[in-house]
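Chemist: Okay, so here is coords_29.txt, and as you'll see once you scroll down, it has compact mmCIF, C-alpha atoms.
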# COMPACT_ATOMS: atom_id res chain seq x y z
CA MET A 23 132.13 -31.70 80.76
CA ARG A 24 134.74 -34.10 82.08
CA ARG A 25 138.15 -33.60 80.47
CA SER A 26 139.64 -36.48 78.51
CA LYS A 27 142.47 -38.22 80.32
CA VAL A 28 143.65 -39.78 77.05
CA LEU A 29 143.92 -36.43 75.28
CA GLN A 30 145.53 -34.81 78.31
CA LYS A 31 148.26 -37.46 78.37
CA LEU A 32 148.77 -37.59 74.61
CA ARG A 33 149.05 -33.81 74.36
CA ALA A 34 151.66 -33.92 77.13
CA GLY A 35 153.71 -36.49 75.23
CA GLN A 36 152.67 -39.38 77.48
CA ARG A 37 151.27 -42.81 76.57
CA PRO A 38 147.87 -43.63 78.08
CA SER A 39 146.86 -47.18 78.94
CA CYS A 40 143.85 -48.84 77.30
CA THR A 41 142.21 -52.27 77.22
CA LYS A 42 139.27 -53.71 75.31
CA ILE A 43 136.00 -54.64 77.00
CA ASN A 44 134.00 -57.29 75.13
CA LEU A 45 131.51 -58.22 77.84
CA LEU A 46 128.33 -56.17 78.08
CA ASP A 47 128.30 -56.01 81.87
CA ALA A 48 129.49 -52.58 82.98
CA ARG A 49 131.31 -54.12 85.92
CA SER A 50 134.12 -55.08 83.54
CA SER A 51 134.64 -51.39 82.73
CA GLU A 52 134.34 -50.56 86.42
CA ILE A 53 137.01 -53.10 87.40
CA ALA A 54 139.34 -51.73 84.71
CA GLY A 55 138.78 -48.24 86.08
CA ILE A 56 139.39 -49.32 89.66
CA THR A 57 142.76 -50.80 88.67
CA GLY A 58 143.83 -47.45 87.22
CA MET A 59 143.35 -47.97 83.47
CA ASP A 60 143.29 -44.66 81.60
CA CYS A 61 140.82 -45.84 78.96
CA VAL A 62 138.51 -48.73 78.14
CA TRP A 63 137.45 -49.57 74.60
CA VAL A 64 133.93 -50.91 74.09
CA ASP A 65 132.54 -52.04 70.79
CA GLN A 66 129.32 -51.58 68.87
CA GLU A 67 130.74 -52.94 65.62
CA HIS A 68 131.16 -56.54 66.82
CA VAL A 69 129.48 -56.59 70.26
CA GLY A 70 125.73 -56.41 70.89
CA HIS A 71 125.64 -53.24 72.98
CA ASP A 72 122.26 -51.60 73.08
CA TRP A 73 122.10 -48.00 74.25
CA SER A 74 121.31 -48.97 77.84
CA SER A 75 124.33 -51.25 78.22
CA LEU A 76 126.53 -48.64 76.55
CA ALA A 77 125.24 -45.95 78.93
CA ALA A 78 126.00 -48.20 81.90
CA ASN A 79 129.57 -48.73 80.72
CA ILE A 80 130.01 -44.99 80.27
CA TRP A 81 128.74 -44.27 83.78
CA ALA A 82 130.96 -47.00 85.24
CA SER A 83 134.08 -45.64 83.57
CA LYS A 84 133.32 -42.02 84.47
CA ALA A 85 132.89 -43.00 88.12
CA HIS A 86 136.60 -43.87 88.22
CA ASP A 87 137.85 -41.01 86.01
CA THR A 88 138.47 -43.42 83.13
CA ASP A 89 138.02 -42.50 79.48
CA ILE A 90 135.82 -44.70 77.31
CA LEU A 91 136.33 -45.15 73.59
CA VAL A 92 133.36 -46.53 71.64
CA ARG A 93 133.94 -48.19 68.29
CA VAL A 94 130.70 -47.37 66.54
CA SER A 95 128.88 -49.38 63.92
CA ARG A 96 129.07 -48.05 60.39
CA GLY A 97 125.80 -46.23 59.92
CA GLY A 98 124.22 -42.80 59.87
CA TYR A 99 125.18 -39.77 61.93
CA SER A 100 122.97 -40.86 64.85
CA ASP A 101 125.09 -43.99 65.29
CA TYR A 102 128.14 -41.76 65.64
CA ILE A 103 126.85 -38.97 67.86
CA LYS A 104 124.69 -40.94 70.31
CA PRO A 105 127.73 -42.38 72.14
CA LEU A 106 129.13 -38.85 72.39
CA GLU A 107 125.80 -37.55 73.72
CA LEU A 108 125.86 -40.34 76.32
CA ASP A 109 129.23 -38.80 77.26
CA ALA A 110 131.65 -41.30 75.76
CA THR A 111 135.09 -39.69 75.67
CA GLY A 112 135.80 -40.76 72.12
CA ILE A 113 134.50 -42.73 69.17
CA MET A 114 136.35 -44.88 66.64
CA VAL A 115 134.89 -45.27 63.16
CA PRO A 116 135.92 -48.58 61.55
CA HIS A 117 136.94 -49.17 57.94
CA VAL A 118 137.57 -45.60 56.85
CA MET A 119 138.24 -46.13 53.15
CA SER A 120 139.02 -42.75 51.58
CA VAL A 121 139.43 -39.00 52.02
CA ALA A 122 135.75 -38.52 51.19
CA ASP A 123 134.81 -41.10 53.81
CA ALA A 124 136.95 -39.37 56.45
CA GLN A 125 135.51 -35.96 55.56
CA LYS A 126 132.00 -37.29 56.04
CA VAL A 127 132.89 -38.64 59.49
CA ILE A 128 134.36 -35.30 60.57
CA LYS A 129 131.36 -33.38 59.27
CA MET A 130 128.96 -35.61 61.25
CA THR A 131 130.92 -35.69 64.52
CA ARG A 132 132.36 -32.19 65.00
CA PHE A 133 130.57 -28.96 65.76
CA HIS A 134 131.19 -25.67 63.94
CA PRO A 135 133.69 -24.60 62.69
CA LEU A 136 135.07 -28.11 62.11
CA GLY A 137 131.84 -29.82 61.08
CA ARG A 138 128.07 -29.86 61.15
CA ARG A 139 127.33 -32.28 64.00
CA ALA A 140 123.64 -32.29 64.87
CA MET A 141 122.97 -30.27 68.03
CA ASP A 142 120.85 -31.09 71.05
CA GLY A 143 122.44 -30.20 74.38
CA GLY A 144 119.92 -32.04 76.54
CA ASN A 145 122.01 -35.13 77.19
CA ASN A 146 124.79 -36.29 79.50
CA ASP A 147 127.61 -34.60 77.61
CA ALA A 148 126.05 -31.14 77.96
CA ALA A 149 124.96 -31.75 81.58
CA TYR A 150 121.31 -31.90 80.46
CA THR A 151 121.26 -28.24 79.28
CA ASN A 152 123.15 -27.07 82.38
CA LEU A 153 126.31 -26.40 80.40
CA ASP A 154 126.52 -23.10 78.54
CA PHE A 155 125.74 -23.83 74.89
CA ASN A 156 128.79 -22.12 73.40
CA GLU A 157 131.03 -23.66 76.06
CA TYR A 158 129.53 -27.06 75.25
CA ILE A 159 130.42 -26.74 71.57
CA LYS A 160 133.95 -25.64 72.37
CA LEU A 161 134.56 -28.40 74.93
CA ALA A 162 133.04 -31.12 72.75
CA ASN A 163 135.44 -30.25 69.92
CA ARG A 164 138.41 -30.06 72.30
CA GLU A 165 137.80 -32.79 74.89
CA ARG A 166 136.20 -35.55 72.82
CA PHE A 167 138.42 -37.49 70.43
CA ILE A 168 137.56 -38.84 67.00
CA VAL A 169 139.50 -41.88 65.78
CA LEU A 170 139.61 -43.06 62.16
CA GLN A 171 140.39 -46.74 61.88
CA ILE A 172 142.64 -47.76 58.98
CA GLU A 173 142.21 -51.51 58.54
CA ASP A 174 142.10 -51.98 54.77
CA PRO A 175 144.70 -51.60 52.03
CA GLU A 176 142.51 -49.25 49.97
CA PRO A 177 142.92 -46.04 52.04
CA LEU A 178 146.72 -46.27 52.13
CA ALA A 179 146.92 -44.55 48.74
CA GLU A 180 145.19 -41.49 50.23
CA LEU A 181 146.61 -41.74 53.73
CA ASP A 182 148.54 -38.47 53.51
CA GLU A 183 145.41 -36.60 52.44
CA ILE A 184 143.34 -38.28 55.17
CA ALA A 185 145.88 -37.46 57.88
CA ALA A 186 146.05 -33.84 56.75
CA LEU A 187 142.35 -33.26 57.39
CA GLU A 188 141.41 -31.04 60.31
CA GLY A 189 138.84 -32.27 62.81
CA PHE A 190 139.97 -35.70 63.96
CA ASP A 191 142.60 -36.79 66.46
CA MET A 192 143.94 -40.26 65.70
CA LEU A 193 144.64 -42.82 63.00
CA PHE A 194 144.22 -46.32 64.40
CA PHE A 195 145.73 -49.29 62.53
CA GLY A 196 143.76 -52.54 62.66
CA PRO A 197 145.99 -55.48 61.61
CA GLY A 198 143.27 -58.15 61.75
CA ASP A 199 141.00 -56.96 58.98
CA PHE A 200 144.01 -55.60 57.11
CA SER A 201 145.46 -59.12 56.90
CA GLN A 202 142.21 -60.28 55.34
CA GLY A 203 142.19 -57.31 52.96
CA ILE A 204 145.57 -58.32 51.53
CA GLY A 205 144.51 -61.96 51.17
CA ALA A 206 146.59 -63.23 54.08
CA PRO A 207 144.16 -63.58 57.03
CA GLY A 208 146.01 -64.12 60.29
CA ASP A 209 149.48 -64.12 58.71
CA TRP A 210 150.97 -61.69 61.22
CA THR A 211 154.47 -62.04 59.75
CA ASN A 212 153.35 -60.83 56.32
CA PRO A 213 155.62 -57.90 55.39
CA ARG A 214 152.69 -55.86 54.05
CA ILE A 215 151.19 -55.72 57.55
CA GLN A 216 154.42 -54.38 59.01
CA GLU A 217 154.80 -51.87 56.17
CA ALA A 218 151.25 -50.59 56.69
CA ARG A 219 151.71 -50.44 60.45
CA ILE A 220 154.79 -48.25 60.01
CA GLN A 221 153.11 -46.12 57.33
CA VAL A 222 150.11 -45.34 59.53
CA ALA A 223 152.29 -44.32 62.49
CA GLU A 224 154.64 -42.18 60.41
CA THR A 225 151.85 -40.49 58.46
CA ALA A 226 149.87 -39.67 61.59
CA ARG A 227 152.88 -38.09 63.26
CA LYS A 228 153.82 -36.20 60.08
CA HIS A 229 150.46 -34.42 60.11
CA GLY A 230 150.24 -33.82 63.86
CA LYS A 231 147.78 -36.63 64.57
CA PHE A 232 148.13 -39.37 67.17
CA ALA A 233 148.82 -42.96 66.12
CA GLY A 234 146.95 -45.85 67.71
CA THR A 235 146.79 -49.61 67.30
CA VAL A 236 146.35 -52.89 69.18
CA GLY A 237 149.28 -54.61 70.85
CA SER A 238 150.45 -57.15 73.39
CA PRO A 239 153.07 -57.31 76.13
CA ALA A 240 155.37 -58.96 73.57
CA ASN A 241 155.35 -56.09 71.04
CA LEU A 242 154.38 -53.03 73.11
CA GLN A 243 157.87 -51.52 73.13
CA GLU A 244 158.26 -52.20 69.41
CA LEU A 245 155.04 -50.31 68.70
CA TYR A 246 156.15 -47.40 70.86
CA GLY A 247 159.42 -47.39 68.92
CA MET A 248 157.46 -47.08 65.64
CA GLY A 249 155.79 -43.95 66.96
CA TYR A 250 152.52 -45.29 68.30
CA GLN A 251 151.42 -43.34 71.37
CA PHE A 252 148.09 -45.11 72.00
CA VAL A 253 148.07 -48.90 72.25
CA SER A 254 145.10 -50.95 73.38
CA MET A 255 146.37 -54.10 75.01
CA GLY A 256 144.42 -57.20 76.07
CA ALA A 257 140.72 -57.69 76.72
CA ASP A 258 138.46 -58.78 79.54
CA VAL A 259 137.59 -62.02 77.71
CA VAL A 260 141.28 -62.84 77.25
CA GLY A 261 141.97 -62.27 80.93
CA LEU A 262 139.04 -64.40 82.07
CA SER A 263 139.89 -67.17 79.61
CA ASN A 264 143.50 -67.33 80.82
CA TYR A 265 142.38 -67.26 84.44
CA PHE A 266 139.92 -70.12 83.99
CA LYS A 267 142.44 -72.15 81.99
CA GLY A 268 144.86 -71.75 84.87
CA LEU A 269 142.25 -73.00 87.32
CA ILE A 270 141.46 -75.98 85.09
CA ASN A 271 145.15 -76.87 84.98
CA VAL A 272 145.25 -76.86 88.79
CA PHE A 273 142.14 -79.05 88.95
CA ASN A 274 143.56 -81.44 86.36
CA ASP A 275 146.93 -81.66 88.10
CA SER A 276 145.21 -82.39 91.42
CA THR A 277 143.01 -85.06 89.84
CA GLU A 278 145.97 -86.76 88.17
CA GLU A 279 147.92 -86.71 91.44
CA LYS A 280 144.98 -88.25 93.32
CA VAL A 281 144.50 -90.96 90.68
CA SER A 282 148.21 -91.74 90.76
CA SER A 283 148.21 -91.97 94.58
CA SER A 284 145.15 -94.25 94.58
CA TYR A 285 146.73 -96.52 92.05
CA LEU A 286 149.95 -96.80 94.10
CA GLU A 287 148.01 -97.57 97.29
CA LYS A 288 146.41 -100.59 95.61
CA GLN A 289 149.74 -102.09 94.51
For the structure just supplied, provide its representation as structure tokens.
Modeler:
Amino acid sequence: MRRSKVLQKLRAGQRPSCTKINLLDARSSEIAGITGMDCVWVDQEHVGHDWSSLAANIWASKAHDTDILVRVSRGGYSDYIKPLELDATGIMVPHVMSVADAQKVIKMTRFHPLGRRAMDGGNNDAAYTNLDFNEYIKLANRERFIVLQIEDPEPLAELDEIAALEGFDMLFFGPGDFSQGIGAPGDWTNPRIQEARIQVAETARKHGKFAGTVGSPANLQELYGMGYQFVSMGADVVGLSNYFKGLINVFNDSTEEKVSSSYLEKQ
């Protein structure tokens, strides 16, 4: 089983790089890996990944020694463990709402003694039965990371109890849905967002868990200063959009210059 680069860096006190991949085509993940990204984040909550496209993204990332984090859809245990069996390096469960909710996630995604994850061993993560069974269980618990996403105001009351649970690795703050949860969608200056962001980071660190969130070049250092060690920055769709907008600006500038020149020639 391939070791997790994200966990290796986090456990060494380093800050891994990560970016979000919204496009289904695995070549986006491959390009990110080629550039040296430590981790790519793909999404089954909001993006229409079927299992074949997800498998392709996992293969593409592994080919360049890049971790892949899959945000799963909220569903049954099969929705959580299938990405792991395809050999995703980690999964992120959205909208964890309570201690009981977090306990259920851990039970479904960790092997004994941490949980009761359903066993198979005939898939990518266990080298198609070629990995010793007991070694497989041990490595899966140690080298695959489970992320609980805190993106609602409700779980903050139990955040200490959630963070104290054994069997998961990271609390991940999601400001977008949190802003909606407090009745202020998109109001990024709302003080409750900043308070929750700080609370998640401090509580994670207090209980020996890693703290993750989304960020940008403008606030990356601020997030690191709060105690976040894992920040996902940017996305393939953002990069392509900015690139094409830049090209359009060049085309428009050239067209305006040509029109202006033609007009002057006729005077």
Chemist: Of the residues A:Asn145, A:Asn212, A:Ser254, A:Thr57, which is the one nearest to A:Gly196, using all atoms listed in the file?
Modeler: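 Of all the options, A:Ser254 lies closest to A:Gly196.
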Chemist: Which of these, A:Lys42, A:Arg37, A:His117, A:Arg139, has the shortest distance to A:Phe232 once you count only C-alpha atoms?
Modeler: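 Of A:Lys42, A:Arg37, A:His117, A:Arg139, the one nearest A:Phe232 is A:Arg37, counting only C-alpha atoms.
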Chemist: Between atom CA of A:Arg227 and atom CA of A:Gly249, measure the distance and give it in Å to one decimal.
Modeler: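 For atom CA of A:Arg227 relative to atom CA of A:Gly249, the distance reads 7.5 Å.
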Chemist: My list of candidates is A:Val121, A:Val92, A:Val64, A:Met255. Which is closest to A:Pro239 when distances are computed with all atoms listed in the file?
Modeler: A:Met255
Chemist: Do you know which residues are at most 7 Å from A:Asp258 counting all atoms listed in the file, after dropping those on the same chain fewer than 5 positions away, and could you put them as a list of chain:residue names?
Modeler: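 My list of contacting residues is A:Lys42, A:Ile43, A:Asn44, A:Ser50.
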